[in-house]
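J.: Structure supplied as protein-v9.txt; contents: compact mmCIF, C-alpha atoms.
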```
# COMPACT_ATOMS: atom_id res chain seq x y z
CA MET A 1 -19.44 16.55 -27.23
CA LYS A 2 -16.71 19.12 -26.73
CA PHE A 3 -12.99 19.43 -27.25
CA LYS A 4 -11.33 20.07 -23.92
CA ARG A 5 -8.21 22.16 -23.75
CA GLU A 6 -6.36 20.87 -20.68
CA LEU A 7 -4.50 23.42 -18.60
CA GLY A 8 -3.04 21.12 -15.93
CA ASP A 9 -4.09 22.63 -12.62
CA LYS A 10 -5.38 25.72 -14.47
CA LYS A 11 -8.87 26.27 -15.85
CA ILE A 12 -10.19 24.18 -18.73
CA ILE A 13 -11.26 25.79 -21.98
CA THR A 14 -13.66 23.85 -24.17
CA VAL A 15 -14.59 24.07 -27.81
CA PRO A 16 -18.30 23.60 -28.56
CA SER A 17 -19.31 20.57 -30.62
CA HIS A 18 -20.62 22.65 -33.52
CA ILE A 19 -17.07 23.86 -34.06
CA VAL A 20 -15.74 20.31 -33.74
CA GLN A 21 -17.93 19.32 -36.68
CA ASP A 22 -17.03 22.40 -38.66
CA ARG A 23 -14.23 22.38 -41.23
CA ARG A 24 -12.45 25.06 -39.19
CA CYS A 25 -11.68 22.48 -36.51
CA SER A 26 -9.79 20.19 -38.88
CA ARG A 27 -7.98 23.22 -40.21
CA LEU A 28 -6.99 24.18 -36.66
CA GLN A 29 -5.76 20.68 -35.87
CA SER A 30 -3.62 20.54 -38.98
CA ARG A 31 -2.15 23.97 -38.36
CA VAL A 32 -1.27 23.44 -34.71
CA SER A 33 -0.28 19.79 -34.90
CA SER A 34 3.29 20.73 -34.07
CA THR A 35 2.14 22.31 -30.81
CA VAL A 36 -0.19 19.54 -29.66
CA THR A 37 1.34 17.33 -27.00
CA THR A 38 -1.32 14.59 -27.21
CA ILE A 39 -4.39 13.92 -29.36
CA GLN A 40 -6.86 11.50 -27.78
CA THR A 41 -9.31 9.37 -29.72
CA ASP A 42 -12.25 10.67 -27.68
CA VAL A 43 -11.69 14.08 -29.33
CA SER A 44 -10.24 15.59 -26.16
CA PHE A 45 -6.74 16.95 -26.73
CA GLN A 46 -4.14 18.84 -24.76
CA TYR A 47 -2.43 21.93 -26.09
CA ALA A 48 0.90 23.30 -25.11
CA PHE A 49 -0.68 26.78 -24.88
CA LYS A 50 -1.08 26.29 -21.13
CA ASN A 51 -0.30 29.87 -20.15
CA MET A 52 -3.01 31.54 -22.24
CA THR A 53 -6.14 32.89 -20.58
CA LYS A 54 -9.61 32.21 -21.85
CA THR A 55 -10.28 35.78 -22.89
CA ASP A 56 -7.00 36.58 -24.60
CA PRO A 57 -4.27 34.14 -25.67
CA LEU A 58 -1.65 36.86 -25.11
CA LYS A 59 -2.66 37.46 -21.50
CA THR A 60 -0.41 34.92 -19.83
CA GLU A 61 0.19 34.16 -16.18
CA PHE A 62 3.26 36.42 -16.33
CA CYS A 63 1.02 39.37 -17.21
CA SER A 64 -1.16 38.59 -14.21
CA LEU A 65 1.83 38.21 -11.92
CA VAL A 66 3.53 41.54 -12.71
CA GLY A 67 0.58 43.58 -13.97
CA CYS A 68 1.63 44.26 -17.58
CA ASP A 69 -0.61 43.94 -20.64
CA TYR A 70 1.68 41.92 -22.88
CA PRO A 71 4.09 39.04 -22.15
CA ILE A 72 7.16 40.82 -23.48
CA ILE A 73 10.13 41.63 -21.25
CA GLN A 74 12.70 44.14 -22.44
CA ALA A 75 16.11 42.85 -21.35
CA GLY A 76 17.86 44.88 -18.65
CA MET A 77 20.98 45.50 -20.69
CA GLY A 78 23.70 47.30 -18.77
CA GLY A 79 24.33 50.82 -20.05
CA VAL A 80 21.79 50.48 -22.85
CA ALA A 81 18.57 50.06 -20.85
CA ARG A 82 18.11 53.37 -19.07
CA TRP A 83 14.96 55.22 -18.13
CA GLU A 84 14.04 56.31 -21.67
CA LEU A 85 13.84 52.73 -22.89
CA ALA A 86 12.35 51.11 -19.79
CA ALA A 87 9.66 53.79 -19.49
CA ALA A 88 8.75 53.59 -23.19
CA VAL A 89 8.42 49.79 -23.11
CA SER A 90 6.33 49.75 -19.93
CA ALA A 91 4.11 52.59 -21.12
CA ALA A 92 3.43 50.54 -24.26
CA GLY A 93 2.05 47.70 -22.13
CA ALA A 94 5.08 45.40 -22.03
CA PHE A 95 7.58 45.02 -19.17
CA GLY A 96 10.48 47.48 -19.24
CA CYS A 97 13.65 46.91 -17.30
CA LEU A 98 16.51 49.17 -16.17
CA GLY A 99 19.99 47.73 -16.72
CA MET A 100 21.80 48.85 -13.56
CA VAL A 101 24.78 46.49 -13.55
CA ARG A 102 27.50 47.89 -11.25
CA GLU A 103 25.87 51.32 -11.14
CA SER A 104 25.95 53.55 -8.07
CA ALA A 105 23.00 53.68 -5.71
CA ASP A 106 22.48 57.33 -6.63
CA ARG A 107 22.30 56.51 -10.35
CA ILE A 108 19.82 53.72 -9.65
CA ARG A 109 17.57 55.99 -7.61
CA SER A 110 17.69 58.64 -10.33
CA GLU A 111 16.79 56.16 -13.08
CA ILE A 112 13.93 54.63 -11.09
CA ARG A 113 12.45 58.05 -10.40
CA ALA A 114 12.80 59.06 -14.04
CA VAL A 115 10.82 56.01 -15.13
CA ARG A 116 8.07 56.75 -12.61
CA GLN A 117 7.81 60.34 -13.77
CA ARG A 118 6.84 59.03 -17.21
CA THR A 119 4.70 55.99 -16.49
CA ASP A 120 2.92 54.24 -13.66
CA ARG A 121 3.16 50.85 -15.37
CA PRO A 122 5.23 48.01 -13.88
CA PHE A 123 8.94 47.69 -14.60
CA GLY A 124 11.98 45.91 -13.20
CA VAL A 125 15.60 46.61 -12.30
CA ASN A 126 18.32 44.26 -13.51
CA LEU A 127 21.28 43.52 -11.22
CA ILE A 128 24.08 40.94 -11.48
CA PRO A 129 25.00 39.73 -7.96
CA ALA A 130 27.64 37.26 -9.22
CA ALA A 131 29.52 39.92 -11.20
CA THR A 132 29.26 42.83 -8.76
CA PRO A 133 31.46 43.50 -5.70
CA PRO A 134 29.40 42.45 -2.64
CA GLN A 135 29.38 45.88 -1.01
CA LEU A 136 28.26 47.60 -4.20
CA PHE A 137 25.60 44.98 -4.84
CA ALA A 138 24.22 45.47 -1.32
CA GLN A 139 24.01 49.21 -1.97
CA GLU A 140 22.31 48.66 -5.33
CA LEU A 141 19.67 46.34 -3.91
CA ALA A 142 19.10 48.61 -0.91
CA ALA A 143 18.45 51.53 -3.27
CA CYS A 144 15.89 49.45 -5.18
CA ILE A 145 14.10 48.41 -2.00
CA GLU A 146 14.12 51.96 -0.62
CA GLU A 147 12.55 53.12 -3.88
CA ASN A 148 9.85 50.43 -3.55
CA VAL A 149 10.85 48.60 -6.71
CA GLU A 150 8.50 45.64 -7.06
CA HIS A 151 10.50 43.51 -9.49
CA ILE A 152 14.18 42.61 -9.45
CA VAL A 153 15.76 40.76 -12.38
CA TYR A 154 18.94 38.78 -11.71
CA PHE A 155 21.31 37.08 -14.15
CA TRP A 156 24.37 34.86 -14.28
CA ASP A 157 25.22 32.44 -11.46
CA VAL A 158 22.36 31.78 -9.08
CA VAL A 159 22.98 33.48 -5.73
CA PRO A 160 20.34 32.28 -3.23
CA ALA A 161 21.24 34.98 -0.70
CA ALA A 162 20.49 37.66 -3.30
CA ILE A 163 17.06 36.16 -3.96
CA ASP A 164 16.35 36.00 -0.24
CA ALA A 165 17.43 39.62 0.28
CA ALA A 166 15.17 40.86 -2.53
CA LYS A 167 12.21 38.81 -1.30
CA ARG A 168 12.66 40.10 2.24
CA GLY A 169 12.58 43.58 0.75
CA GLY A 170 9.17 42.89 -0.77
CA CYS A 171 10.33 42.30 -4.36
CA LYS A 172 9.35 39.63 -6.84
CA VAL A 173 12.43 38.02 -8.39
CA LEU A 174 12.90 37.11 -12.05
CA TYR A 175 16.05 35.02 -12.57
CA GLN A 176 17.69 34.63 -15.97
CA VAL A 177 19.50 31.32 -16.39
CA GLY A 178 21.09 29.23 -19.10
CA SER A 179 20.50 25.69 -17.81
CA VAL A 180 17.88 23.46 -16.27
CA GLU A 181 20.03 23.03 -13.16
CA ASP A 182 20.22 26.78 -12.54
CA ALA A 183 16.47 27.13 -13.11
CA VAL A 184 15.76 24.50 -10.48
CA GLU A 185 18.19 26.13 -8.05
CA ALA A 186 16.66 29.58 -8.58
CA GLU A 187 13.14 28.27 -8.02
CA ALA A 188 14.24 26.45 -4.85
CA ALA A 189 15.78 29.69 -3.56
CA GLY A 190 12.48 31.54 -4.01
CA ALA A 191 12.50 33.05 -7.52
CA ASP A 192 9.07 33.91 -8.89
CA VAL A 193 9.88 33.71 -12.62
CA ILE A 194 12.59 31.98 -14.65
CA ILE A 195 14.00 33.52 -17.83
CA ALA A 196 15.51 30.68 -19.87
CA GLN A 197 18.18 32.01 -22.22
CA GLY A 198 19.30 30.10 -25.29
CA VAL A 199 22.81 30.25 -26.69
CA GLU A 200 21.67 32.29 -29.72
CA GLY A 201 20.98 35.27 -27.46
CA GLY A 202 23.09 38.43 -27.51
CA GLY A 203 25.23 39.95 -24.79
CA HIS A 204 26.35 37.67 -21.98
CA VAL A 205 25.25 34.09 -22.62
CA HIS A 206 25.25 31.63 -19.73
CA GLY A 207 24.07 28.47 -21.49
CA HIS A 208 25.13 26.09 -24.23
CA VAL A 209 21.95 25.02 -26.02
CA THR A 210 19.37 26.81 -28.14
CA SER A 211 16.26 28.37 -26.65
CA LEU A 212 13.91 25.90 -28.35
CA THR A 213 15.90 23.04 -26.80
CA LEU A 214 16.27 24.60 -23.35
CA LEU A 215 12.81 26.09 -22.93
CA PRO A 216 10.65 22.93 -22.76
CA GLN A 217 13.14 21.25 -20.44
CA VAL A 218 13.07 24.17 -18.02
CA ILE A 219 9.28 24.32 -18.18
CA ASN A 220 9.11 20.64 -17.28
CA ALA A 221 11.56 21.09 -14.40
CA VAL A 222 9.96 24.02 -12.53
CA LYS A 223 6.47 25.06 -11.46
CA ILE A 224 6.85 28.83 -11.71
CA PRO A 225 6.34 30.81 -14.97
CA VAL A 226 9.14 30.53 -17.53
CA ILE A 227 10.03 33.24 -20.04
CA ALA A 228 11.84 32.42 -23.30
CA SER A 229 15.01 34.34 -24.16
CA GLY A 230 17.37 34.22 -27.13
CA GLY A 231 16.11 34.58 -30.70
CA PHE A 232 12.83 36.42 -30.07
CA ALA A 233 12.04 39.68 -31.85
CA ASP A 234 8.63 39.39 -33.50
CA GLY A 235 5.10 38.16 -32.97
CA ALA A 236 5.59 34.81 -34.63
CA SER A 237 8.41 33.91 -32.25
CA LEU A 238 6.25 35.05 -29.32
CA ILE A 239 3.57 32.58 -30.38
CA ALA A 240 6.18 29.85 -30.86
CA ALA A 241 7.42 30.42 -27.31
CA ILE A 242 3.89 30.32 -25.90
CA ALA A 243 3.24 27.14 -27.88
CA LEU A 244 6.12 25.51 -26.03
CA GLY A 245 4.57 26.48 -22.71
CA SER A 246 6.36 29.77 -22.09
CA ALA A 247 4.64 32.64 -20.30
CA GLY A 248 6.27 35.19 -22.60
CA VAL A 249 9.50 36.32 -24.23
CA HIS A 250 12.57 38.30 -23.15
CA CYS A 251 13.99 40.51 -25.92
CA GLY A 252 17.30 42.34 -26.06
CA THR A 253 18.68 42.87 -29.56
CA VAL A 254 15.51 44.36 -31.01
CA PHE A 255 15.38 46.92 -28.18
CA VAL A 256 19.06 47.83 -28.47
CA ALA A 257 18.08 49.11 -31.91
CA SER A 258 15.19 51.20 -30.59
CA GLU A 259 15.12 54.98 -30.65
CA GLU A 260 15.07 55.20 -26.84
CA SER A 261 17.98 52.83 -26.30
CA PHE A 262 21.09 54.48 -24.84
CA ALA A 263 23.23 52.52 -27.30
CA HIS A 264 25.34 54.63 -29.63
CA GLN A 265 24.02 55.08 -33.15
CA ILE A 266 27.00 53.05 -34.44
CA HIS A 267 25.77 50.03 -32.48
CA LYS A 268 22.17 50.43 -33.62
CA GLU A 269 23.12 50.73 -37.27
CA ARG A 270 25.36 47.67 -37.14
CA ILE A 271 22.47 45.64 -35.75
CA ILE A 272 20.05 46.62 -38.51
CA GLN A 273 22.71 46.00 -41.17
CA ALA A 274 23.97 42.64 -39.87
CA ARG A 275 22.80 39.20 -40.91
CA GLU A 276 22.22 36.32 -38.52
CA THR A 277 25.56 34.78 -39.54
CA GLU A 278 27.58 37.83 -38.47
CA THR A 279 27.70 37.21 -34.72
CA VAL A 280 30.62 35.77 -32.73
CA HIS A 281 30.32 33.67 -29.59
CA THR A 282 33.43 34.12 -27.44
CA ASP A 283 34.72 34.77 -23.92
CA ALA A 284 37.37 37.26 -25.07
CA PHE A 285 35.47 40.32 -23.78
CA ALA A 286 36.56 39.56 -20.24
CA ILE A 287 37.48 42.91 -18.67
CA ASN A 288 34.93 43.79 -15.95
CA TRP A 289 33.43 40.30 -15.65
CA PRO A 290 34.46 36.95 -14.15
CA PRO A 291 36.75 34.91 -16.45
CA GLN A 292 35.29 32.52 -19.02
CA SER A 293 32.08 34.53 -19.33
CA PRO A 294 30.80 34.02 -22.89
CA VAL A 295 29.19 36.80 -24.88
CA ARG A 296 27.65 37.06 -28.33
CA VAL A 297 28.68 40.12 -30.31
CA LEU A 298 28.71 41.33 -33.89
CA ALA A 299 31.93 40.63 -35.76
CA ASN A 300 34.31 43.59 -35.97
CA LYS A 301 38.05 44.31 -36.09
CA THR A 302 38.43 43.25 -32.48
CA THR A 303 36.92 39.81 -33.02
CA GLN A 304 38.88 39.38 -36.25
CA CYS A 305 42.17 39.67 -34.36
CA LEU A 306 41.19 36.58 -32.33
CA ASN A 307 41.50 34.46 -35.49
CA ASP A 308 40.22 30.97 -34.65
CA ARG A 309 40.87 31.17 -30.92
CA LEU A 310 37.58 32.31 -29.43
CA TRP A 311 37.82 30.73 -25.97
CA GLY A 312 39.96 30.61 -22.87
CA TYR A 313 40.43 34.27 -21.99
CA SER A 314 40.48 36.30 -18.78
CA ASP A 315 40.86 40.00 -18.02
CA GLN A 316 44.63 39.49 -17.99
CA SER A 317 44.79 37.95 -21.45
CA PHE A 318 45.18 41.29 -23.24
CA PRO A 319 46.77 44.64 -22.47
CA HIS A 320 44.22 47.11 -21.16
CA ASP A 321 44.18 49.16 -24.34
CA ALA A 322 41.92 52.20 -23.98
CA ILE A 323 40.25 52.83 -27.32
CA ALA A 324 37.36 54.99 -26.07
CA GLU A 325 36.29 57.06 -23.12
CA GLU A 326 33.15 57.97 -21.26
CA GLU A 327 33.22 61.23 -19.34
CA GLY A 328 36.91 60.78 -18.56
CA ARG A 329 36.68 57.04 -17.83
CA PRO A 330 38.84 54.85 -20.11
CA VAL A 331 37.02 52.15 -22.04
CA TYR A 332 39.17 49.16 -22.98
CA ARG A 333 39.11 47.12 -26.17
CA PHE A 334 38.21 43.80 -24.55
CA SER A 335 35.97 45.17 -21.83
CA THR A 336 32.28 44.32 -21.58
CA ASP A 337 31.40 47.95 -22.31
CA SER A 338 29.28 48.38 -25.41
CA PRO A 339 29.17 51.70 -27.32
CA LEU A 340 26.92 54.24 -25.60
CA ARG A 341 25.73 57.70 -26.55
CA SER A 342 28.00 59.15 -23.87
CA MET A 343 31.19 57.60 -25.31
CA THR A 344 33.73 58.82 -27.84
CA GLY A 345 36.56 56.97 -29.57
CA GLU A 346 36.86 53.82 -31.68
CA LEU A 347 33.37 52.70 -30.78
CA ASP A 348 32.99 50.27 -33.66
CA GLN A 349 35.73 48.12 -32.07
CA LEU A 350 33.97 47.69 -28.73
CA ALA A 351 31.65 44.81 -27.80
CA LEU A 352 28.71 45.15 -30.19
CA PHE A 353 26.32 42.92 -28.29
CA ALA A 354 23.68 41.27 -30.47
CA GLY A 355 21.99 37.92 -30.84
CA GLN A 356 21.49 35.87 -33.98
CA VAL A 357 18.03 37.39 -34.27
CA THR A 358 19.82 40.51 -35.56
CA GLY A 359 18.97 39.27 -39.07
CA GLN A 360 15.31 40.06 -38.36
CA VAL A 361 15.94 43.57 -37.04
CA ASN A 362 15.96 45.85 -40.08
CA GLU A 363 15.11 49.32 -38.81
CA ILE A 364 15.48 51.61 -35.81
CA ARG A 365 12.00 52.07 -34.33
CA PRO A 366 10.40 53.63 -31.27
CA ALA A 367 10.08 51.07 -28.48
CA ALA A 368 6.29 51.46 -28.46
CA LYS A 369 6.17 50.59 -32.16
CA ILE A 370 8.29 47.47 -31.54
CA VAL A 371 5.84 46.30 -28.88
CA ASP A 372 2.79 47.17 -30.98
CA GLN A 373 4.09 45.40 -34.08
CA MET A 374 5.03 42.31 -32.08
CA ILE A 375 1.52 42.06 -30.64
CA ARG A 376 -0.18 42.76 -33.97
CA HIS A 377 2.00 40.14 -35.64
CA ALA A 378 1.25 37.64 -32.87
CA ARG A 379 -2.48 38.15 -33.25
CA GLN A 380 -2.20 37.67 -37.00
CA ARG A 381 -0.42 34.37 -36.43
CA LEU A 382 -3.08 33.25 -33.96
CA LYS A 383 -5.77 34.10 -36.49
CA GLN A 384 -3.96 32.07 -39.13
CA LEU A 385 -3.88 29.15 -36.69
CA GLY A 386 -7.62 29.42 -36.20
CA PHE A 387 -7.61 30.74 -32.66
CA ASP A 388 -9.78 33.72 -33.56
CA ASP A 389 -12.88 31.54 -33.77
CA VAL A 390 -12.34 28.66 -31.36
CA TRP A 391 -11.50 30.48 -28.14
CA ARG A 392 -14.79 30.15 -26.29
CA GLU A 393 -15.66 29.88 -22.62
CA GLU A 394 -17.46 26.79 -21.44
```
Turn the structure described in the file into structure tokens.
T.:
Amino acid sequence: MKFKRELGDKKIITVPSHIVQDRRCSRLQSRVSSTVTTIQTDVSFQYAFKNMTKTDPLKTEFCSLVGCDYPIIQAGMGGVARWELAAAVSAAGAFGCLGMVRESADRIRSEIRAVRQRTDRPFGVNLIPAATPPQLFAQELAACIEENVEHIVYFWDVVPAAIDAAKRGGCKVLYQVGSVEDAVEAEAAGADVIIAQGVEGGGHVHGHVTSLTLLPQVINAVKIPVIASGGFADGASLIAAIALGSAGVHCGTVFVASEESFAHQIHKERIIQARETETVHTDAFAINWPPQSPVRVLANKTTQCLNDRLWGYSDQSFPHDAIAEEEGRPVYRFSTDSPLRSMTGELDQLALFAGQVTGQVNEIRPAAKIVDQMIRHARQRLKQLGFDDVWREE
């Protein structure tokens, strides 16, 4: 008799009967009981680890779809995620992403080429169709298609026409959403992957519930791979996401604090110093984005002046008070600009984007080390769960 690990319409992995009778099997059951969806009396049981392959639990269907080694996506954070970071993450075997929100077509071409000069591994380009003037967005996407970018990552409101345009250009589309409804809409419009973001995430936050609440509901609602976002920065959380049926994780805060990130040192140091209780969820940083667009940032003097009123702002709610500059461009206090290496001024009062997972980020590391430590940690957790000795082919 064998344990069968049901994978829906995927392949079935079985556990030989000699392991069933071994004490390791009972240990495995007790350790993964929280991840088992059903346990049948005929000793056949279904795991939630539906995206794992037979040869390697960390080789998920997302890895097969995009061609990366590990199911870790580096968030395409505007300004912060430039070629140094995207190239380093992709070269390490994960999936790097350029954050090209409202950038010129020339800048996008330059960044894409810089990544390709340093690695031939897959990467994506992040654009925000709902928060970009239509003409500029068309130019951005055209530049990506002309440069033969294979993966486009979208965020914020679902724009079916943007998905269609990218698909017609030969791109796979990853769409980041904050609700089940948006996930369903994105899939219907042709998206290839859903990134489900929980409210604990940093930067712009489009949803209202936590990732562990949202993720299983999105997975149940769509048929395409789903990536977990919001609160993921180490190997244990990667395994937790996979246990819920995710095909991987989408990480921002931990990569903001990487050596290759284009974030200013002030921003990086605040992240590694901050605790999980030191973030603020508000829509006050409204300059440059549509009104009522929530963000999660680290508390600073700017958030303190809001007192208890965190909601209900637009770009006209405050005077456009320039407190920094970037190569002659004014940077306003309540803009969505975060501190970058190229900026000078009162940078500690800008939007210090970070998620609640900031409490787990304690040092500035090379991006490759972040990826490596996440994978090593994940494999340690799998070993503790008993998966080192029960993953066998039938």
J.: Hey, what's within 9 Å of segment 317-326 of chain A if we count only C-alpha atoms and toss same-chain stuff fewer than 2 positions away? As an mmCIF file with C-alpha atoms, in the coordinates of the input, please?
T.:
```
data_model
loop_
_atom_site.group_PDB
_atom_site.id
_atom_site.type_symbol
_atom_site.label_atom_id
_atom_site.label_comp_id
_atom_site.auth_asym_id
_atom_site.auth_seq_id
_atom_site.Cartn_x
_atom_site.Cartn_y
_atom_site.Cartn_z
ATOM 1 C CA ALA A 284 37.370 37.260 -25.070
ATOM 2 C CA ALA A 286 36.560 39.560 -20.240
ATOM 3 C CA ILE A 287 37.480 42.910 -18.670
ATOM 4 C CA GLY A 312 39.960 30.610 -22.870
ATOM 5 C CA TYR A 313 40.430 34.270 -21.990
ATOM 6 C CA SER A 314 40.480 36.300 -18.780
ATOM 7 C CA ASP A 315 40.860 40.000 -18.020
ATOM 8 C CA GLY A 328 36.910 60.780 -18.560
ATOM 9 C CA ARG A 329 36.680 57.040 -17.830
ATOM 10 C CA PRO A 330 38.840 54.850 -20.110
ATOM 11 C CA VAL A 331 37.020 52.150 -22.040
ATOM 12 C CA TYR A 332 39.170 49.160 -22.980
ATOM 13 C CA ARG A 333 39.110 47.120 -26.170
ATOM 14 C CA PHE A 334 38.210 43.800 -24.550
ATOM 15 C CA SER A 335 35.970 45.170 -21.830
ATOM 16 C CA PRO A 339 29.170 51.700 -27.320
ATOM 17 C CA LEU A 340 26.920 54.240 -25.600
ATOM 18 C CA SER A 342 28.000 59.150 -23.870
ATOM 19 C CA MET A 343 31.190 57.600 -25.310
ATOM 20 C CA THR A 344 33.730 58.820 -27.840
ATOM 21 C CA GLY A 345 36.560 56.970 -29.570
ATOM 22 C CA GLU A 346 36.860 53.820 -31.680
ATOM 23 C CA LEU A 347 33.370 52.700 -30.780
ATOM 24 C CA GLN A 349 35.730 48.120 -32.070
ATOM 25 C CA LEU A 350 33.970 47.690 -28.730
#
```
J.: Using all atoms of segment 126-135 of chain A that appear in the file, construct an axis-aligned enclosing box with 5 Å of padding on every side and provide its centre coordinates and edge lengths in Å, rounded to one decimal, as lines of an AutoDock Vina configuration file.
T.:
```
center_x = 24.9
center_y = 41.6
center_z = -7.3
size_x = 23.1
size_y = 18.6
size_z = 22.5
```
J.: In Å to one decimal, how far is atom CA of Ala161 of chain A from atom CA of Ile73 of chain A?
T.: 24.3 Å
J.: Would you pick out the contacts of Lys172 of chain A at 9 Å or less, using all atoms listed in the file, so that residues sharing its chain but fewer than 3 positions from it are not included, and give the list as a short mmCIF file (atom, residue, chain, number, x, y, z; two decimals) with C-alpha atoms, in the coordinates of the input?
T.:
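The resulting file, result_7.cif, is shown below:
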```
data_model
loop_
_atom_site.label_atom_id
_atom_site.label_comp_id
_atom_site.auth_asym_id
_atom_site.auth_seq_id
_atom_site.Cartn_x
_atom_site.Cartn_y
_atom_site.Cartn_z
CA VAL A 66 3.53 41.54 -12.71
CA GLU A 150 8.50 45.64 -7.06
CA HIS A 151 10.50 43.51 -9.49
CA ILE A 152 14.18 42.61 -9.45
CA VAL A 153 15.76 40.76 -12.38
CA ILE A 163 17.06 36.16 -3.96
CA ALA A 166 15.17 40.86 -2.53
CA LYS A 167 12.21 38.81 -1.30
CA ALA A 191 12.50 33.05 -7.52
CA ASP A 192 9.07 33.91 -8.89
CA VAL A 193 9.88 33.71 -12.62
#
```
J.: Just to confirm, what's the straight-line distance from atom CA of Phe123 of chain A to atom CA of Leu212 of chain A in Å (one decimal)?
T.: 26.2 Å
J.: Which neighbours of Lys369 of chain A fall inside 10 Å, counting only C-alpha atoms, when residues of the same chain fewer than 4 positions from it are skipped, and could you give them as a VMD selection string?
T.: chain A and resid 88 to 89 92 258 365 373 to 375
J.: Could you list as a PyMOL selection string every residue that has an atom within 12 Å of (14.0, 49.4, -2.7), using the file's coordinates and counting all atoms listed in the file?
T.: chain A and resi 105+108-109+112-113+124-125+138-152+165-172
